[in-house]
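**Student:** Below: one structure in structure tokens.
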Amino acid sequence: MDIVGKRRIFLTISIVLATLSVIVLGTSGLNLGIDFTSGTTVTYQFDGGDPGAADVVEALAKSGHPGAVVQALGDAQYFIRTDDLGNSGLNAVNDEIAKLDGAPARVLDTTSVGASVAEDTVSNAITAVIVAAIFVMLYIMYAFRSVPNSYKYAFAAVVALMHDVVIVLGAFAVLGIAINAEVNAIFIVGILTVIGYSVNDTIVIFDRIRENVTLAPGRDFRTTVNLSINESITRSLGTSITTMTVIIAMLLFGGASLRDFLIVLLAGVMVGTYSSIFVAAQVLVLWERRGFLPWRRVTPTNS
């Protein structure tokens, strides 16, 4: 299968998806949770019946929080997000909630994050992604030091990594509008997990390329890369399908608290598998042939 020969198609798809993701992020943005914006979240369980979301919203407005976000979780449970309540503010909300049909209502969980903590979370999240990318580059340059121009492998891996992060963020921005998916601290854990998975899958293919370059140094580099992808693709797809099966099972039967984290992982595995096969290796070929635009035709040369 001539995957490298169709690289213009695959890279154009990636450019389009990445561009759309940037547009969505720039216009709608992410649905940030209190870890990034500060505030309070409360989950209520109504033991006397379901009062309905409209009544819960009205109760919050009466308690002085008309801008609160209310999300029905099913089974007479409601997730509420508002500004920082503090102890007195939470008591006022509880008093109004207790007047609703379906009361009494139990507080299953409550979390408050101050503005300074939220700012630290944003700063730490950005730092974590940057540090991860730097260490990925350094590791690949060291691991592939026996191959000429090992920095090309490091650069290609980071291109695939950033491709995955941008598209996952774009998908999550859309999900934030569609199903109110939130970006919180565990979301960052998911992004870092996606980075690790993407790099691991990419290195599997790069390692095969390194072996084939060593075995046949005089062979055309494009041919070597295409051979390496075909030799590795079954393993990559098999691992990804197995991982996605487990994630989907957890999404279907797990709790709502893990939903957003699992969505990040599922999207990351799908995009990471695609990028390791159809982006990272293709970037190597483009660089080797000195043609960086996926639609530009370059006269073949031997490596």
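Starting from 1 in every chain, residues are counted up; chains themselves are A, B, ... following the order of the structure tokens, and ligands are numbered from 1 as listed.
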When you look at region 90-106 of chain A with a cut-off of 10 Å (counting only C-alpha atoms), what residues show up, excluding the ones that are within fewer than 2 positions of it in the same chain? I need them as a PyMOL selection string.
**Tutor:** chain A and resi 40+42-52+55-65+76-77+84-88+108-110
**Student:** Go ahead and write the residues just picked, N, CA and C atoms, as a compact mmCIF listing (two decimals), in the first residue's frame.
**Tutor:**
```
# COMPACT_ATOMS: atom_id res chain seq x y z
N THR A 40 -17.56 27.92 42.25
CA THR A 40 -18.02 26.81 43.08
C THR A 40 -18.91 25.89 42.25
N VAL A 42 -21.57 22.49 42.76
CA VAL A 42 -22.32 21.69 43.73
C VAL A 42 -23.15 20.67 42.98
N THR A 43 -23.18 19.45 43.48
CA THR A 43 -24.03 18.40 42.91
C THR A 43 -25.10 18.03 43.93
N TYR A 44 -26.37 18.15 43.54
CA TYR A 44 -27.49 17.86 44.43
C TYR A 44 -28.19 16.57 44.01
N GLN A 45 -28.64 15.82 45.00
CA GLN A 45 -29.48 14.65 44.78
C GLN A 45 -30.83 14.90 45.46
N PHE A 46 -31.91 14.97 44.68
CA PHE A 46 -33.25 15.18 45.24
C PHE A 46 -33.86 13.82 45.56
N ASP A 47 -34.18 13.62 46.83
CA ASP A 47 -34.71 12.33 47.27
C ASP A 47 -36.22 12.23 47.14
N GLY A 48 -36.91 13.39 46.97
CA GLY A 48 -38.37 13.36 46.91
C GLY A 48 -38.94 13.43 45.51
N GLY A 49 -38.09 13.41 44.50
CA GLY A 49 -38.55 13.51 43.12
C GLY A 49 -37.73 14.54 42.36
N ASP A 50 -37.95 14.62 41.07
CA ASP A 50 -37.19 15.53 40.21
C ASP A 50 -37.93 16.85 40.07
N PRO A 51 -37.36 17.97 40.55
CA PRO A 51 -38.05 19.26 40.46
C PRO A 51 -38.00 19.89 39.07
N GLY A 52 -37.08 19.46 38.23
CA GLY A 52 -36.92 20.05 36.90
C GLY A 52 -35.85 21.13 36.91
N ASP A 55 -36.89 24.92 37.64
CA ASP A 55 -37.10 25.30 39.04
C ASP A 55 -35.78 25.46 39.78
N VAL A 56 -34.80 24.63 39.44
CA VAL A 56 -33.48 24.75 40.07
C VAL A 56 -32.83 26.07 39.68
N VAL A 57 -32.95 26.44 38.41
CA VAL A 57 -32.40 27.72 37.95
C VAL A 57 -33.09 28.88 38.68
N GLU A 58 -34.41 28.78 38.85
CA GLU A 58 -35.15 29.85 39.53
C GLU A 58 -34.72 29.97 41.00
N ALA A 59 -34.48 28.81 41.64
CA ALA A 59 -34.04 28.82 43.04
C ALA A 59 -32.68 29.50 43.17
N LEU A 60 -31.79 29.25 42.23
CA LEU A 60 -30.47 29.88 42.26
C LEU A 60 -30.58 31.38 42.04
N ALA A 61 -31.50 31.78 41.16
CA ALA A 61 -31.69 33.21 40.91
C ALA A 61 -32.19 33.90 42.18
N LYS A 62 -33.09 33.26 42.91
CA LYS A 62 -33.62 33.83 44.15
C LYS A 62 -32.54 33.94 45.21
N SER A 63 -31.55 33.03 45.16
CA SER A 63 -30.47 33.07 46.15
C SER A 63 -29.37 34.06 45.76
N GLY A 64 -29.56 34.76 44.62
CA GLY A 64 -28.60 35.79 44.22
C GLY A 64 -27.60 35.35 43.19
N HIS A 65 -27.91 34.25 42.46
CA HIS A 65 -26.96 33.74 41.45
C HIS A 65 -27.72 33.43 40.15
N ALA A 76 -32.64 12.49 39.14
CA ALA A 76 -32.92 13.61 40.05
C ALA A 76 -31.65 14.22 40.62
N GLN A 77 -30.58 14.17 39.84
CA GLN A 77 -29.32 14.80 40.24
C GLN A 77 -29.07 16.02 39.36
N ASP A 84 -17.78 31.99 43.13
CA ASP A 84 -17.36 31.49 44.43
C ASP A 84 -18.41 31.83 45.49
N LEU A 85 -19.00 30.79 46.10
CA LEU A 85 -20.08 30.99 47.05
C LEU A 85 -19.59 31.27 48.47
N GLY A 86 -18.54 30.57 48.86
CA GLY A 86 -18.15 30.65 50.26
C GLY A 86 -19.18 29.92 51.11
N ASN A 87 -18.99 29.92 52.42
CA ASN A 87 -19.90 29.20 53.31
C ASN A 87 -21.28 29.84 53.36
N SER A 88 -21.34 31.16 53.48
CA SER A 88 -22.63 31.84 53.61
C SER A 88 -23.43 31.75 52.32
N LEU A 108 -24.14 16.07 47.21
CA LEU A 108 -23.26 14.93 46.96
C LEU A 108 -21.80 15.35 46.86
N ASP A 109 -21.59 16.56 46.34
CA ASP A 109 -20.21 17.01 46.15
C ASP A 109 -20.21 18.52 46.00
N THR A 110 -19.21 19.15 46.56
CA THR A 110 -19.04 20.59 46.38
C THR A 110 -17.55 20.92 46.28
```
**Student:** Which neighbours of Val194 (chain A) fall inside 10 Å, counting only C-alpha atoms, when residues of the same chain fewer than 4 positions from it are skipped, and could you give them as a PyMOL selection string?
**Tutor:** chain A and resi 161+164-165+168+188-190+198-200+264-272
**Student:** Which one is closest to Gly26 (chain A): A:Ile277, A:Leu215, A:Ala173, A:Leu258? Count only C-alpha atoms.
**Tutor:** A:Ala173
**Student:** Which residue is closest to Val16 (chain A)? Choose from A:Ala68, A:Met244, A:Tyr197, A:Val166 and count only C-alpha atoms.
**Tutor:**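 Closest residue, counting only C-alpha atoms: A:Val166.
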**Student:** Name all residues at most 9 Å from Ser236 (chain A) (count only C-alpha atoms; drop same-chain ones fewer than 4 positions away) and give them as a ChimeraX atom specification.
**Tutor:** /A:201,204-205,232,240-241,273,276-277
**Student:** Take the residues from that selection and write them out as a PDB file, in the first residue's frame, keeping C-alpha atoms.
**Tutor:**
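File produced: part-v6.pdb:
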```
ATOM      1  CA  ASP A 201       2.818   5.445  18.528  1.00  0.00           C
ATOM      2  CA  VAL A 204       7.089   2.757  16.981  1.00  0.00           C
ATOM      3  CA  ILE A 205       7.007   3.790  13.307  1.00  0.00           C
ATOM      4  CA  SER A 232       4.052  -1.166  11.602  1.00  0.00           C
ATOM      5  CA  SER A 240      -5.377   1.698  19.148  1.00  0.00           C
ATOM      6  CA  ILE A 241      -8.527  -0.357  18.558  1.00  0.00           C
ATOM      7  CA  THR A 273      -3.069   7.014  15.600  1.00  0.00           C
ATOM      8  CA  SER A 276       1.662   8.817  13.706  1.00  0.00           C
ATOM      9  CA  ILE A 277       0.891   7.083  10.416  1.00  0.00           C
TER      10      ILE A 277
END
```
**Student:** As an mmCIF file with N, CA and C atoms, in the first residue's frame, please: every residue in region 13-46 of chain A that DSSP puts in strand (DSSP E).
**Tutor:**
```
data_model
loop_
_atom_site.group_PDB
_atom_site.id
_atom_site.type_symbol
_atom_site.label_atom_id
_atom_site.label_comp_id
_atom_site.auth_asym_id
_atom_site.auth_seq_id
_atom_site.Cartn_x
_atom_site.Cartn_y
_atom_site.Cartn_z
ATOM 1 N N GLY A 39 -14.561 29.637 41.114
ATOM 2 C CA GLY A 39 -15.979 29.506 41.366
ATOM 3 C C GLY A 39 -16.295 28.304 42.238
ATOM 4 N N THR A 40 -17.560 27.924 42.245
ATOM 5 C CA THR A 40 -18.024 26.807 43.080
ATOM 6 C C THR A 40 -18.914 25.887 42.252
ATOM 7 N N THR A 41 -18.742 24.597 42.448
ATOM 8 C CA THR A 41 -19.632 23.613 41.836
ATOM 9 C C THR A 41 -20.294 22.800 42.954
ATOM 10 N N VAL A 42 -21.571 22.487 42.758
ATOM 11 C CA VAL A 42 -22.321 21.690 43.735
ATOM 12 C C VAL A 42 -23.153 20.671 42.979
ATOM 13 N N THR A 43 -23.185 19.447 43.481
ATOM 14 C CA THR A 43 -24.034 18.405 42.910
ATOM 15 C C THR A 43 -25.099 18.031 43.931
ATOM 16 N N TYR A 44 -26.365 18.155 43.539
ATOM 17 C CA TYR A 44 -27.490 17.857 44.434
ATOM 18 C C TYR A 44 -28.185 16.568 44.006
ATOM 19 N N GLN A 45 -28.643 15.822 45.000
ATOM 20 C CA GLN A 45 -29.484 14.650 44.783
ATOM 21 C C GLN A 45 -30.826 14.902 45.464
ATOM 22 N N PHE A 46 -31.913 14.965 44.677
ATOM 23 C CA PHE A 46 -33.247 15.180 45.235
ATOM 24 C C PHE A 46 -33.863 13.822 45.563
#
```
**Student:** Please indicate the distance in Å from CA of Val147 (chain A) to CA of Thr214 (chain A), rounded to one decimal place.
**Tutor:**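 Answer for the CA of Val147 (chain A) to CA of Thr214 (chain A) separation: 8.1 Å.
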**Student:** What is the distance between CA of Ile229 (chain A) and CA of Pro217 (chain A), in Å to one decimal?
**Tutor:**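 Separation of CA of Ile229 (chain A) and CA of Pro217 (chain A): 17.0 Å.
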**Student:** For CA of Phe172 (chain A) and CA of Thr121 (chain A), determine how far apart the two atoms are, in Å to one decimal place.
**Tutor:**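 Separating CA of Phe172 (chain A) from CA of Thr121 (chain A) is a distance of 18.5 Å.
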**Student:** From the set A:Thr12, A:Leu32, A:Ala249, A:Ala185, which residue has the shortest atom-to-atom contact distance to Ala128 (chain A), counting only C-alpha atoms?
**Tutor:**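 When distances to Ala128 (chain A) are compared using only C-alpha atoms, the smallest one comes from A:Ala185.
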**Student:** Run DSSP on the backbone and tell me which residues of region 36-265 of chain A come out as alpha helix (DSSP H); list them as number ranges by chain.
**Tutor:** A: 36-37, 53-62, 86-97, 115-143, 150-179, 185-215, 221-253, 259-265
**Student:** Using only C-alpha atoms, can you tell me which of A:Thr202, A:Ile186, A:Gly89, A:Leu17 comes closest to Ala125 (chain A)?
**Tutor:**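 For Ala125 (chain A), the nearest of the candidates is A:Ile186.
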**Student:** Write out as a ChimeraX atom specification the residues lying within 10 Å of Gly29 (chain A), counting only C-alpha atoms and excluding same-chain residues fewer than 5 positions away.
**Tutor:** /A:21-24,169-170,172-174,176-177
**Student:** Give me the region 44-153 of chain A side of the contact with region 278-286 of chain A, cut-off 12 Å, one line per residue showing its nearest atom pair and distance in Å at one decimal, counting only C-alpha atoms, sorted by chain and residue number, as a Markdown table.
**Tutor:**
```
| residue | atom | partner | partner_atom | distance |
| --- | --- | --- | --- | --- |
| A:Asn149 | CA | A:Leu284 | CA | 10.7 |
| A:Ser150 | CA | A:Leu284 | CA | 10.5 |
| A:Tyr151 | CA | A:Leu284 | CA | 10.4 |
| A:Lys152 | CA | A:Leu284 | CA | 6.7 |
| A:Tyr153 | CA | A:Leu284 | CA | 6.8 |
```
